[in-house]
$ cat run35.txt   # compact mmCIF, C-alpha atoms
# COMPACT_ATOMS: atom_id res chain seq x y z
CA MET A 1 0.00 0.00 0.00
CA MET A 2 2.94 2.32 0.63
CA GLN A 3 3.63 2.50 -3.13
CA ASP A 4 0.42 4.49 -3.40
CA ALA A 5 0.98 7.94 -4.87
CA MET A 6 -1.24 9.31 -2.08
CA ILE A 7 1.65 8.89 0.38
CA ASP A 8 3.23 12.17 -0.85
CA GLU A 9 0.07 14.27 -0.47
CA TRP A 10 -0.82 16.71 2.32
CA TYR A 11 -3.59 15.69 4.75
CA PRO A 12 -5.38 17.56 7.56
CA VAL A 13 -4.42 16.18 10.99
CA GLY A 14 -6.06 18.68 13.36
CA LEU A 15 -7.29 22.20 14.00
CA PHE A 16 -4.43 24.60 14.70
CA SER A 17 -6.62 26.56 17.15
CA GLN A 18 -7.06 23.47 19.32
CA LEU A 19 -3.43 22.38 19.51
CA ASP A 20 -1.47 22.50 22.73
CA VAL A 21 1.96 21.37 23.92
CA LYS A 22 0.51 18.13 25.29
CA GLY A 23 -0.37 17.14 21.76
CA ARG A 24 -3.04 15.09 20.07
CA LYS A 25 -2.64 11.42 19.22
CA THR A 26 -4.19 10.46 15.93
CA ALA A 27 -3.33 8.42 12.82
CA LEU A 28 -2.50 8.95 9.17
CA MET A 29 -2.91 6.15 6.63
CA GLY A 30 -2.59 3.48 9.30
CA GLU A 31 0.44 5.04 11.07
CA PRO A 32 0.08 6.46 14.59
CA ILE A 33 1.09 10.14 14.68
CA GLU A 34 1.14 12.90 17.27
CA VAL A 35 0.33 16.55 16.55
CA ALA A 36 1.53 19.12 19.08
CA LEU A 37 2.76 22.69 19.57
CA ASP A 38 6.49 23.03 20.14
CA ALA A 39 8.17 25.57 22.46
CA GLU A 40 7.91 28.28 19.76
CA ARG A 41 4.17 27.53 19.37
CA ARG A 42 4.71 25.99 15.95
CA ALA A 43 2.85 22.83 14.93
CA ARG A 44 4.95 19.69 15.00
CA VAL A 45 3.90 16.25 13.75
CA THR A 46 5.77 13.11 14.77
CA CYS A 47 5.29 9.61 13.43
CA GLY A 48 5.13 6.49 15.62
CA ASP A 49 8.60 5.51 14.32
CA GLY A 50 10.07 8.77 15.69
CA ARG A 51 10.31 10.63 12.36
CA THR A 52 9.38 14.31 12.25
CA LEU A 53 6.88 14.71 9.42
CA PRO A 54 6.43 17.69 7.05
CA VAL A 55 4.04 20.33 8.39
CA CYS A 56 2.11 23.30 7.07
CA VAL A 57 -0.68 25.32 8.70
CA ARG A 58 -3.40 26.58 6.36
CA TYR A 59 -7.19 27.06 6.33
CA GLY A 60 -7.40 26.61 10.11
CA HIS A 61 -5.86 23.16 9.96
CA VAL A 62 -2.50 21.52 10.49
CA TRP A 63 -1.46 19.50 7.42
CA SER A 64 1.08 16.73 7.25
CA SER A 65 2.30 13.85 5.10
CA LEU A 66 3.94 10.46 5.61
CA GLY A 67 5.92 10.98 2.39
CA LYS A 68 7.60 13.90 0.65
CA PRO A 69 5.06 16.38 -0.75
CA GLN A 70 6.20 17.52 -4.19
CA LYS A 71 4.29 20.80 -4.09
CA ASP A 72 2.68 23.29 -1.72
CA LEU A 73 -0.82 22.72 -0.43
CA PHE A 74 -3.46 23.79 -3.00
CA ALA A 75 -4.54 27.46 -2.99
CA ILE A 76 -7.97 28.75 -1.95
CA PRO A 77 -7.67 32.47 -2.84
CA GLU A 78 -11.06 33.22 -1.24
CA ALA A 79 -9.66 32.23 2.16
CA ASP A 80 -7.73 35.54 2.26
CA GLN A 81 -10.60 37.72 0.97
CA PRO A 82 -11.58 40.39 3.54
CA GLY A 83 -15.03 40.16 5.11
CA ARG A 84 -15.33 36.37 5.22
CA ARG A 85 -16.09 34.44 8.40
CA LEU A 86 -13.73 31.48 8.70
CA VAL A 87 -15.44 28.54 10.39
CA ASP A 88 -13.51 25.65 11.97
CA VAL A 89 -16.22 22.98 12.16
CA GLY A 90 -14.12 20.24 13.79
CA ALA A 91 -13.90 16.53 13.01
CA ILE A 92 -16.62 14.02 12.26
CA ARG A 93 -15.36 10.43 12.44
CA VAL A 94 -16.83 8.22 9.74
CA ARG A 95 -16.28 4.49 9.31
CA CYS A 96 -15.86 4.69 5.54
CA SER A 97 -13.19 5.03 2.87
CA PRO A 98 -11.80 8.60 2.70
CA LEU A 99 -12.47 8.53 -1.05
CA ARG A 100 -16.12 7.62 -0.48
CA ALA A 101 -16.46 10.64 1.82
CA VAL A 102 -15.23 12.92 -0.98
CA GLU A 103 -17.41 11.27 -3.62
CA ASN A 104 -20.52 11.72 -1.47
CA PHE A 105 -19.63 15.42 -1.06
CA LEU A 106 -19.57 15.77 -4.87
CA ASP A 107 -23.05 14.25 -5.24
CA ILE A 108 -26.15 16.45 -5.33
CA ALA A 109 -28.78 13.88 -6.39
CA HIS A 110 -29.02 12.58 -2.80
CA PHE A 111 -29.99 15.96 -1.30
CA PRO A 112 -33.81 15.47 -1.35
CA PHE A 113 -33.54 12.01 0.23
CA VAL A 114 -30.71 12.36 2.75
CA HIS A 115 -30.87 16.11 3.59
CA THR A 116 -34.65 16.34 3.28
CA ASP A 117 -36.07 19.88 3.58
CA ILE A 118 -32.59 21.39 4.04
CA LEU A 119 -30.45 20.87 0.91
CA GLY A 120 -33.27 19.35 -1.15
CA ALA A 121 -36.92 18.31 -1.17
CA GLU A 122 -39.25 16.34 -3.37
CA PRO A 123 -40.56 16.98 -5.96
CA HIS A 124 -37.50 19.11 -6.84
CA THR A 125 -35.26 16.11 -7.55
CA GLU A 126 -34.04 16.81 -11.08
CA VAL A 127 -30.31 17.24 -11.65
CA GLN A 128 -29.92 19.47 -14.70
CA ASP A 129 -26.94 18.99 -17.01
CA TYR A 130 -23.72 20.57 -15.75
CA LYS A 131 -20.12 20.77 -16.95
CA VAL A 132 -17.27 18.56 -15.74
CA GLU A 133 -13.63 18.77 -16.71
CA ILE A 134 -10.18 17.78 -15.52
CA ARG A 135 -8.20 21.03 -15.70
CA GLN A 136 -4.80 19.97 -16.98
CA LYS A 137 -2.78 22.99 -15.83
CA GLU A 138 -4.00 22.87 -12.24
CA ASP A 139 -4.49 19.07 -12.34
CA GLU A 140 -7.87 19.39 -10.62
CA VAL A 141 -11.37 17.99 -11.19
CA TRP A 142 -13.92 20.79 -11.69
CA ALA A 143 -17.72 20.68 -11.97
CA THR A 144 -19.43 23.96 -12.89
CA GLN A 145 -22.93 25.24 -13.64
CA VAL A 146 -24.41 22.81 -11.14
CA LYS A 147 -27.89 24.05 -10.20
CA PHE A 148 -30.26 22.63 -7.62
CA TYR A 149 -33.42 23.77 -5.82
CA GLN A 150 -32.79 24.00 -2.08
CA PRO A 151 -35.39 24.65 0.66
CA LYS A 152 -32.72 25.93 3.07
CA ALA A 153 -29.39 26.29 1.29
CA ALA A 154 -27.52 27.83 4.22
CA LYS A 155 -28.05 28.88 7.80
CA SER A 156 -28.54 32.41 6.44
CA ALA A 157 -31.19 31.37 3.85
CA SER A 158 -34.76 32.40 4.66
CA GLY A 159 -36.59 30.37 2.01
CA GLY A 160 -36.16 28.04 -0.95
CA ILE A 161 -33.83 29.12 -3.76
CA THR A 162 -32.19 27.58 -6.80
CA THR A 163 -28.58 27.36 -5.68
CA GLU A 164 -25.63 27.27 -8.05
CA TYR A 165 -22.62 25.15 -7.13
CA MET A 166 -19.06 24.73 -8.39
CA TYR A 167 -16.94 21.82 -7.14
CA ARG A 168 -13.16 21.47 -7.14
CA VAL A 169 -11.11 18.41 -6.26
CA PRO A 170 -7.55 19.74 -5.81
CA ALA A 171 -6.23 16.74 -3.82
CA PRO A 172 -7.36 13.10 -3.54
CA THR A 173 -9.15 13.55 -0.19
CA CYS A 174 -10.09 17.24 -0.40
CA SER A 175 -12.88 19.09 -2.14
CA VAL A 176 -13.76 22.79 -2.29
CA LEU A 177 -17.37 23.76 -2.94
CA TYR A 178 -18.34 27.24 -4.19
CA LYS A 179 -21.97 27.95 -3.54
CA THR A 180 -24.45 30.79 -4.12
CA CYS A 181 -24.15 33.19 -1.20
CA PRO A 182 -27.70 34.16 -0.09
CA PRO A 183 -26.83 37.53 1.58
CA ARG A 184 -24.34 38.59 -1.11
CA PRO A 185 -25.30 37.79 -4.72
CA GLY A 186 -22.27 37.79 -6.99
CA GLU A 187 -19.99 36.24 -4.38
CA TRP A 188 -19.51 32.54 -3.62
CA ASP A 189 -19.58 30.97 -0.17
CA VAL A 190 -16.73 28.48 0.23
CA ILE A 191 -17.37 25.18 1.97
CA THR A 192 -14.57 22.64 2.01
CA LEU A 193 -14.27 19.00 2.86
CA PHE A 194 -10.81 18.09 4.15
CA VAL A 195 -10.55 14.36 4.84
CA GLN A 196 -7.90 12.79 7.06
CA PRO A 197 -7.43 9.12 6.07
CA LEU A 198 -6.97 7.20 9.34
CA ALA A 199 -7.19 3.84 7.56
CA GLU A 200 -8.52 2.65 4.20
CA ASP A 201 -11.98 2.33 5.73
CA LEU A 202 -11.90 4.98 8.47
CA CYS A 203 -11.54 8.75 8.29
CA ASP A 204 -11.94 12.03 10.14
CA VAL A 205 -13.84 14.54 8.04
CA TRP A 206 -12.87 18.18 8.71
CA PRO A 207 -15.33 20.56 7.06
CA TRP A 208 -14.20 24.19 6.93
CA MET A 209 -16.00 27.29 5.66
CA ALA A 210 -15.22 30.83 4.48
CA LEU A 211 -18.61 32.60 4.38
CA PHE A 212 -20.12 36.02 3.93
CA ASP A 213 -22.45 35.91 6.93
CA ASP A 214 -22.09 38.52 9.67
CA VAL A 215 -25.32 37.59 11.42
CA THR A 216 -25.48 33.90 12.27
CA PRO A 217 -23.77 32.95 15.56
CA MET A 218 -20.69 30.74 15.12
CA THR A 219 -22.34 27.92 17.10
CA ASP A 220 -25.30 27.87 14.68
CA LEU A 221 -23.01 27.78 11.64
CA ILE A 222 -21.18 24.80 13.12
CA HIS A 223 -24.42 23.03 14.11
CA PHE A 224 -25.79 23.45 10.57
CA GLN A 225 -22.75 21.70 9.06
CA GLN A 226 -22.75 19.01 11.75
CA THR A 227 -26.41 18.22 11.01
CA ILE A 228 -25.62 17.81 7.31
CA PHE A 229 -22.55 15.64 7.86
CA LEU A 230 -24.25 13.38 10.41
CA GLN A 231 -26.98 12.72 7.82
CA ASP A 232 -24.25 11.82 5.33
CA ARG A 233 -22.56 9.55 7.87
CA SER A 234 -25.58 7.25 8.06
CA ILE A 235 -25.23 6.73 4.30
CA LEU A 236 -21.43 6.48 4.15
CA GLU A 237 -21.18 3.83 6.87
CA ASN A 238 -23.61 1.58 4.99
CA GLN A 239 -22.15 1.74 1.50
CA ILE A 240 -21.19 -1.53 -0.20
CA PRO A 241 -18.42 -2.27 -1.03
CA ARG A 242 -16.64 -0.30 1.70
CA LEU A 243 -13.78 0.75 -0.61
CA LEU A 244 -14.45 3.02 -3.61
CA PRO A 245 -14.52 1.01 -6.86
CA LEU A 246 -12.34 2.69 -9.52
CA ASP A 247 -13.20 0.21 -12.27
CA PRO A 248 -16.65 -0.05 -13.87
CA GLY A 249 -18.60 -2.78 -12.13
CA MET A 250 -22.08 -3.24 -10.78
CA GLU A 251 -22.98 0.44 -10.62
CA ILE A 252 -25.02 2.31 -13.20
CA PRO A 253 -23.88 5.94 -13.42
CA THR A 254 -26.24 8.52 -14.94
CA ARG A 255 -25.61 12.06 -16.19
CA ALA A 256 -26.02 13.26 -12.60
CA ASP A 257 -22.91 11.25 -11.63
CA LEU A 258 -20.46 12.84 -14.10
CA THR A 259 -18.45 14.51 -11.32
CA SER A 260 -18.02 11.18 -9.57
CA VAL A 261 -17.02 9.49 -12.83
CA ALA A 262 -14.35 12.17 -13.46
CA TYR A 263 -13.12 11.95 -9.84
CA ARG A 264 -12.69 8.17 -10.05
CA ARG A 265 -10.94 8.44 -13.42
CA TRP A 266 -8.58 11.13 -12.03
CA LEU A 267 -7.80 9.00 -8.94
CA LYS A 268 -6.99 6.00 -11.10
CA ARG A 269 -4.82 7.98 -13.51
CA HIS A 270 -2.69 9.24 -10.58
CA ASN A 271 -2.56 5.89 -8.80
CA TYR A 272 -4.39 7.45 -5.85
CA THR A 273 -5.70 4.15 -4.54
CA TYR A 274 -5.63 4.33 -0.73
CA GLY A 275 -9.28 3.52 0.11
CA ALA A 276 -10.01 2.32 -3.43
CA GLN A 277 -11.03 -1.07 -4.76
CA LEU A 278 -9.32 -1.84 -8.04
CA VAL A 279 -10.82 -5.14 -9.12
CA ALA A 280 -14.49 -4.90 -10.09
CA GLN A 281 -16.70 -7.10 -7.95
CA MET B 1 -26.47 0.81 -0.09
CA ARG B 2 -28.98 -1.89 0.78
CA LEU B 3 -32.59 -1.35 -0.24
CA SER B 4 -33.55 -2.47 3.27
CA HIS B 5 -32.54 1.04 4.42
CA GLY B 6 -35.08 2.46 1.97
CA PHE B 7 -38.77 3.24 2.12
CA VAL B 8 -42.01 1.86 0.71
CA ARG B 9 -44.34 4.28 -1.02
CA GLY B 10 -47.41 2.87 -2.71
CA GLU B 11 -46.38 -0.41 -4.34
CA ALA B 12 -42.76 0.65 -4.86
CA LEU B 13 -39.61 0.21 -2.79
CA SER B 14 -37.27 3.23 -2.91
CA CYS B 15 -33.57 3.53 -2.09
CA ILE B 16 -32.78 5.96 0.73
CA TYR B 17 -29.70 7.36 -1.05
CA HIS B 18 -30.97 8.68 -4.40
CA GLY B 19 -34.61 7.62 -4.33
CA TRP B 20 -34.49 5.16 -7.24
CA SER B 21 -37.74 3.18 -6.92
CA TYR B 22 -38.40 -0.42 -7.87
CA ALA B 23 -41.55 -2.40 -8.68
CA ARG B 24 -42.50 -5.78 -7.20
CA SER B 25 -40.88 -7.57 -10.14
CA GLY B 26 -37.56 -5.74 -9.49
CA ASN B 27 -37.51 -3.35 -12.45
CA CYS B 28 -36.59 0.28 -11.82
CA LEU B 29 -39.62 2.57 -12.06
CA ARG B 30 -38.09 5.99 -11.56
CA ILE B 31 -34.77 7.81 -11.24
CA PRO B 32 -35.65 11.08 -9.47
CA ALA B 33 -32.50 12.91 -10.71
CA HIS B 34 -33.83 12.37 -14.26
CA PRO B 35 -37.65 12.51 -13.98
CA GLY B 36 -38.10 12.62 -17.77
CA LEU B 37 -36.20 9.38 -18.29
CA THR B 38 -37.94 6.01 -18.52
CA PRO B 39 -35.47 3.63 -16.83
CA PRO B 40 -34.29 0.89 -19.22
CA GLU B 41 -35.41 -2.68 -18.49
CA THR B 42 -31.79 -3.62 -17.71
CA ILE B 43 -31.88 -1.61 -14.47
CA ARG B 44 -33.34 -4.07 -12.02
CA VAL B 45 -32.71 -5.66 -8.64
CA GLY B 46 -33.04 -9.30 -7.61
CA THR B 47 -36.32 -10.34 -6.03
CA HIS B 48 -37.09 -13.04 -3.47
CA ALA B 49 -40.17 -14.91 -2.36
CA VAL B 50 -41.46 -13.55 0.97
CA GLU B 51 -43.98 -14.91 3.42
CA GLU B 52 -45.42 -13.31 6.53
CA SER B 53 -46.11 -15.74 9.32
CA ASP B 54 -46.70 -15.26 13.07
CA GLY B 55 -45.47 -11.65 12.93
CA VAL B 56 -42.21 -12.53 11.18
CA ILE B 57 -41.34 -11.78 7.56
CA TRP B 58 -39.49 -14.71 5.98
CA VAL B 59 -37.48 -14.43 2.81
CA ALA B 60 -36.39 -17.36 0.65
CA VAL B 61 -32.87 -17.26 -0.77
CA GLY B 62 -33.68 -19.75 -3.53
CA VAL B 63 -36.91 -21.48 -4.49
CA PRO B 64 -38.71 -22.37 -1.24
CA THR B 65 -39.70 -26.00 -0.84
CA ALA B 66 -41.97 -25.52 2.17
CA GLN B 67 -43.83 -22.91 4.18
CA PRO B 68 -41.85 -21.09 6.90
CA PRO B 69 -41.93 -22.79 10.31
CA ARG B 70 -44.75 -21.73 12.67
CA LEU B 71 -43.87 -19.76 15.77
CA GLU B 72 -47.01 -20.06 17.84
CA GLY B 73 -47.24 -18.61 21.31
CA VAL B 74 -44.41 -16.10 20.82
CA VAL B 75 -44.36 -12.45 19.77
CA PRO B 76 -41.55 -10.48 18.10
CA LEU B 77 -39.72 -8.10 20.48
CA ARG B 78 -36.90 -6.47 18.50
CA SER B 79 -34.05 -7.08 16.04
CA LEU B 80 -30.38 -6.24 16.49
CA THR B 81 -27.12 -6.73 14.59
CA ALA B 82 -24.15 -8.55 16.10
CA HIS B 83 -20.77 -7.89 14.47
CA THR B 84 -19.89 -11.54 14.51
CA GLY B 85 -20.89 -14.81 12.85
CA VAL B 86 -23.73 -17.15 13.82
CA ALA B 87 -21.31 -19.62 15.48
CA ALA B 88 -20.14 -17.01 18.02
CA VAL B 89 -23.74 -16.14 18.92
CA GLU B 90 -24.50 -19.85 19.41
CA ALA B 91 -21.34 -20.27 21.50
CA ALA B 92 -22.28 -17.30 23.72
CA ALA B 93 -25.83 -18.64 24.16
CA GLY B 94 -24.64 -22.20 24.79
CA ALA B 95 -27.15 -23.58 22.30
CA LYS B 96 -27.44 -24.33 18.60
CA ALA B 97 -30.04 -22.86 16.27
CA GLY B 98 -32.55 -25.29 14.77
CA ALA B 99 -35.27 -24.86 12.15
CA VAL B 100 -37.31 -22.63 14.48
CA GLY B 101 -34.36 -20.66 15.79
CA LEU B 102 -32.38 -20.90 18.96
CA VAL B 103 -34.06 -21.34 22.33
CA TRP B 104 -31.97 -19.45 24.85
CA GLN B 105 -32.34 -19.83 28.57
CA ALA B 106 -31.33 -16.38 29.83
CA GLN B 107 -29.86 -15.87 33.30
CA ASP B 108 -33.14 -14.59 34.75
CA ALA B 109 -34.71 -17.95 33.79
CA GLN B 110 -36.87 -16.59 31.01
CA GLN B 111 -36.85 -18.39 27.73
CA ILE B 112 -35.98 -16.27 24.71
CA ARG B 113 -36.34 -17.39 21.12
CA LEU B 114 -33.69 -16.05 18.71
CA LEU B 115 -33.86 -16.22 14.92
CA LEU B 116 -30.33 -15.82 13.53
CA ALA B 117 -29.88 -14.49 9.99
CA PRO B 118 -26.25 -14.42 8.75
CA GLN B 119 -25.48 -11.20 6.84
CA GLY B 120 -22.46 -12.52 4.95
CA ASP B 121 -19.83 -10.01 6.09
CA GLU B 122 -19.27 -11.39 9.60
CA GLN B 123 -22.53 -9.93 10.86
CA THR B 124 -25.58 -11.67 12.24
CA LEU B 125 -29.03 -10.18 12.41
CA ILE B 126 -30.73 -11.39 15.59
CA HIS B 127 -34.54 -11.35 15.74
CA VAL B 128 -35.80 -11.68 19.31
CA LEU B 129 -39.14 -13.33 20.17
CA LEU B 130 -40.74 -13.82 23.59
CA ASP B 131 -43.64 -15.74 25.09
CA HIS B 132 -46.78 -13.79 24.20
CA ASN B 133 -47.76 -13.62 27.89
CA SER B 134 -44.55 -11.91 28.99
CA SER B 135 -44.91 -8.76 31.09
CA LEU B 136 -43.46 -5.35 30.33
CA SER B 137 -40.60 -5.84 32.78
CA GLN B 138 -39.84 -9.26 31.27
CA ARG B 139 -39.69 -7.68 27.82
CA ILE B 140 -37.31 -4.98 29.01
CA GLY B 141 -35.23 -7.63 30.79
CA ALA B 142 -35.11 -9.77 27.66
CA SER B 143 -34.06 -6.81 25.52
CA ARG B 144 -31.11 -6.10 27.85
CA ALA B 145 -30.23 -9.79 28.12
CA VAL B 146 -29.92 -10.06 24.35
CA GLU B 147 -27.68 -6.96 24.26
CA ARG B 148 -25.41 -8.68 26.80
CA LEU B 149 -25.48 -11.81 24.65
CA ARG B 150 -24.45 -9.75 21.64
CA ARG B 151 -21.49 -8.25 23.52
CA ALA B 152 -20.46 -11.68 24.79
CA ALA B 153 -20.60 -13.09 21.24
CA GLU B 154 -18.56 -10.19 19.85
CA ASP B 155 -15.99 -10.64 22.65
CA LEU B 156 -15.67 -14.34 21.82
CA GLN B 157 -15.00 -13.40 18.22
CA THR B 158 -12.39 -10.77 19.21
CA LYS B 159 -10.57 -13.24 21.44
CA GLY B 160 -10.63 -15.82 18.68
CA ILE B 161 -12.40 -18.40 20.86
CA ALA B 162 -15.34 -18.87 18.57
CA PRO B 163 -14.86 -20.09 14.98
$ encode --input "run35.txt" --output "structure tokens"
Amino acid sequence: MMQDAMIDEWYPVGLFSQLDVKGRKTALMGEPIEVALDAERRARVTCGDGRTLPVCVRYGHVWSSLGKPQKDLFAIPEADQPGRRLVDVGAIRVRCSPLRAVENFLDIAHFPFVHTDILGAEPHTEVQDYKVEIRQKEDEVWATQVKFYQPKAAKSASGGITTEYMYRVPAPTCSVLYKTCPPRPGEWDVITLFVQPLAEDLCDVWPWMALFDDVTPMTDLIHFQQTIFLQDRSILENQIPRLLPLDPGMEIPTRADLTSVAYRRWLKRHNYTYGAQLVAQ
Amino acid sequence: MRLSHGFVRGEALSCIYHGWSYARSGNCLRIPAHPGLTPPETIRVGTHAVEESDGVIWVAVGVPTAQPPRLEGVVPLRSLTAHTGVAAVEAAAGAKAGAVGLVWQAQDAQQIRLLLAPQGDEQTLIHVLLDHNSSLSQRIGASRAVERLRRAAEDLQTKGIAP
């Protein structure tokens, strides 16, 4: 498994704001690690075998890698835009493949059935055609012009609206969602999904947000995201097979699944297979 | 995602994830993400013969050769999943399952009937039935006793004692 190209990627391993010198014991791709503040109040990540691992602090989180990252962590320019509230949601542990957690985040067709009366509601179930591409220069999966009717698109939404989405997959276990911003038309709210792979079938999901919302209390913003992700957890922990199939098999994708199809193809092309199932069953 | 997590509306069974609904014969009736699309005949799920008897729904894996066994004098209490195989549940109960389930003599002397359905991936679905005359406190006691049995069975599996 250690030949997997995912070994050299950056992964979230904790919230910087919650670190202390005592440290936090966690895991990364099956290896026990410890995340702590050093004497200079810098984040330090150590592996169970005593190695000091690479570290960067960005988007509220501490990031690390068991291998040698070849490039800097992906950019989210909106994170530095003045006027945004930055929301550290915290971790949600899910007994599923880290890749399945990302794929579910990219899916909108489940909104009316899993996030009923929040992110979707019958009879507004149609997924209109949208655009999907793998951007060669950035080496990222992008889905644009995704539109969906939502009864309560955000904590700040007062009624149902047709929301527009854009999705980015800049790293194998991370996705950035740009979403219609109810109080500020013309701008995009940013909601991310940073997934820490603990094992091939276990992960900590760290959602993070950069929103234009000066009104909603921080606790309510966090509760809204926790509600959504707990609904997703009941799905993710019951998916079969547990690992994400990268080869065509029993499933029947439709036009609504084009983002997922591109994501799986991109994973396979890069040999990003930690949490994937390669032989069709 | 198993369809057993889904919901029945009218005569159709729908998946909880994306709402695809299926008719009694297994063919897909509707894909909500594409309401204008008539699902092709090739999209279908396997179907099984079912029979309701004495408050229990029985499903046949192949072609059934007989009616389900009768379970007279007992009522269903609850179902729960043990993360272990049937053998570990039998070992923890100290009894083997027969055609009409496993008769377990719990510590508080009440007799509990367990129907064990293997789920394939080292999980066992345990359906609990009790004497139809049992009192409320006996039912609560039986529910807790079976939870203890589940933990004992899972411990046996962890320690590698049970096969």
$ interface_residues --input "run35.txt" --of "chain B" --to "chain A" --cutoff "12 Å" --atoms "only C-alpha atoms" --output "NGL selection string"
:B and (1-7 or 14-20 or 28 or 30-37 or 39-40 or 42-45 or 121)
$ atom_distance --input "run35.txt" --atom1 "atom CA of A:Val87" --atom2 "atom CA of A:Leu28"
23.5 Å
$ closest_residue --input "run35.txt" --among "A:Leu202, A:Val141, A:Val195, A:Ile222" --to "A:Arg265" --atoms "all atoms listed in the file"
A:Val141
$ residues_around --input "run35.txt" --residues "B:Gln111" --least-positions-apart "6" --cutoff "9 Å" --atoms "only C-alpha atoms" --output "list in words"
Val103, Trp104, Gln105, Leu130, Asp131 and Ala142 of chain B
$ closest_residue --input "run35.txt" --among "A:Glu133, A:Asn104, A:Asp8, A:Thr52" --to "A:Asp72" --atoms "all atoms listed in the file"
A:Asp8
$ residues_around --input "run35.txt" --residues "B:Leu80" --least-positions-apart "2" --cutoff "9 Å" --atoms "only C-alpha atoms" --output "PyMOL selection string"
chain B and resi 78+82+124-128+146-147+150
$ write_last_selection --input "run35.txt" --atoms "C-alpha atoms" --output "PDB file, in the frame of the given file"
ATOM      1  CA  ARG B  78     -36.900  -6.470  18.500  1.00  0.00           C
ATOM      2  CA  ALA B  82     -24.150  -8.550  16.100  1.00  0.00           C
ATOM      3  CA  THR B 124     -25.580 -11.670  12.240  1.00  0.00           C
ATOM      4  CA  LEU B 125     -29.030 -10.180  12.410  1.00  0.00           C
ATOM      5  CA  ILE B 126     -30.730 -11.390  15.590  1.00  0.00           C
ATOM      6  CA  HIS B 127     -34.540 -11.350  15.740  1.00  0.00           C
ATOM      7  CA  VAL B 128     -35.800 -11.680  19.310  1.00  0.00           C
ATOM      8  CA  VAL B 146     -29.920 -10.060  24.350  1.00  0.00           C
ATOM      9  CA  GLU B 147     -27.680  -6.960  24.260  1.00  0.00           C
ATOM     10  CA  ARG B 150     -24.450  -9.750  21.640  1.00  0.00           C
TER      11      ARG B 150
END
$ atom_distance --input "run35.txt" --atom1 "atom CA of A:Lys268" --atom2 "atom CA of A:Pro245"
10.0 Å
$ closest_residue --input "run35.txt" --among "A:Ala199, A:Arg100, A:Arg93, A:Lys147" --to "A:Ala27" --atoms "only C-alpha atoms"
A:Ala199
$ atom_distance --input "run35.txt" --atom1 "atom CA of B:Ala99" --atom2 "atom CA of B:Pro68"
9.2 Å
$ residues_around --input "run35.txt" --residues "stretch 11-23 of chain A" --least-positions-apart "4" --cutoff "7 Å" --atoms "all atoms listed in the file" --output "CSV table (one decimal) with C-alpha atoms, in the frame of the given file"
chain,number,residue,atom,x,y,z
A,34,GLU,CA,1.1,12.9,17.3
A,35,VAL,CA,0.3,16.6,16.6
A,36,ALA,CA,1.5,19.1,19.1
A,37,LEU,CA,2.8,22.7,19.6
A,38,ASP,CA,6.5,23.0,20.1
A,60,GLY,CA,-7.4,26.6,10.1
A,61,HIS,CA,-5.9,23.2,10.0
A,62,VAL,CA,-2.5,21.5,10.5
A,63,TRP,CA,-1.5,19.5,7.4
A,64,SER,CA,1.1,16.7,7.2
A,65,SER,CA,2.3,13.8,5.1
A,194,PHE,CA,-10.8,18.1,4.2
A,195,VAL,CA,-10.6,14.4,4.8
A,196,GLN,CA,-7.9,12.8,7.1
$ residues_around --input "run35.txt" --residues "stretch 184-191 of chain A" --least-positions-apart "5" --cutoff "12 Å" --atoms "all atoms listed in the file" --output "PyMOL selection string"
chain A and resi 59+76-81+83-89+105-106+153-157+163-168+174-179+206-214+221-222+225
$ build_atoms --input "run35.txt" --residues "stretch 140-148 of chain B" --atoms "N, CA and C atoms" --output "PDB file, keeping the file's coordinate frame"
ATOM      1  N   ILE B 140     -38.475  -5.851  28.848  1.00  0.00           N
ATOM      2  CA  ILE B 140     -37.310  -4.980  29.010  1.00  0.00           C
ATOM      3  C   ILE B 140     -36.098  -5.815  29.409  1.00  0.00           C
ATOM      4  N   GLY B 141     -36.316  -6.751  30.339  1.00  0.00           N
ATOM      5  CA  GLY B 141     -35.230  -7.630  30.790  1.00  0.00           C
ATOM      6  C   GLY B 141     -34.666  -8.448  29.638  1.00  0.00           C
ATOM      7  N   ALA B 142     -35.558  -8.953  28.782  1.00  0.00           N
ATOM      8  CA  ALA B 142     -35.110  -9.770  27.660  1.00  0.00           C
ATOM      9  C   ALA B 142     -34.307  -8.942  26.664  1.00  0.00           C
ATOM     10  N   SER B 143     -34.759  -7.697  26.449  1.00  0.00           N
ATOM     11  CA  SER B 143     -34.060  -6.810  25.520  1.00  0.00           C
ATOM     12  C   SER B 143     -32.617  -6.584  25.992  1.00  0.00           C
ATOM     13  N   ARG B 144     -32.463  -6.324  27.310  1.00  0.00           N
ATOM     14  CA  ARG B 144     -31.110  -6.100  27.850  1.00  0.00           C
ATOM     15  C   ARG B 144     -30.285  -7.383  27.829  1.00  0.00           C
ATOM     16  N   ALA B 145     -30.958  -8.510  28.114  1.00  0.00           N
ATOM     17  CA  ALA B 145     -30.230  -9.790  28.120  1.00  0.00           C
ATOM     18  C   ALA B 145     -29.642 -10.076  26.738  1.00  0.00           C
ATOM     19  N   VAL B 146     -30.414  -9.781  25.705  1.00  0.00           N
ATOM     20  CA  VAL B 146     -29.920 -10.060  24.350  1.00  0.00           C
ATOM     21  C   VAL B 146     -28.775  -9.117  23.990  1.00  0.00           C
ATOM     22  N   GLU B 147     -28.817  -7.866  24.500  1.00  0.00           N
ATOM     23  CA  GLU B 147     -27.680  -6.960  24.260  1.00  0.00           C
ATOM     24  C   GLU B 147     -26.416  -7.506  24.933  1.00  0.00           C
ATOM     25  N   ARG B 148     -26.583  -8.072  26.134  1.00  0.00           N
ATOM     26  CA  ARG B 148     -25.410  -8.680  26.800  1.00  0.00           C
ATOM     27  C   ARG B 148     -24.906  -9.873  25.997  1.00  0.00           C
TER      28      ARG B 148
END
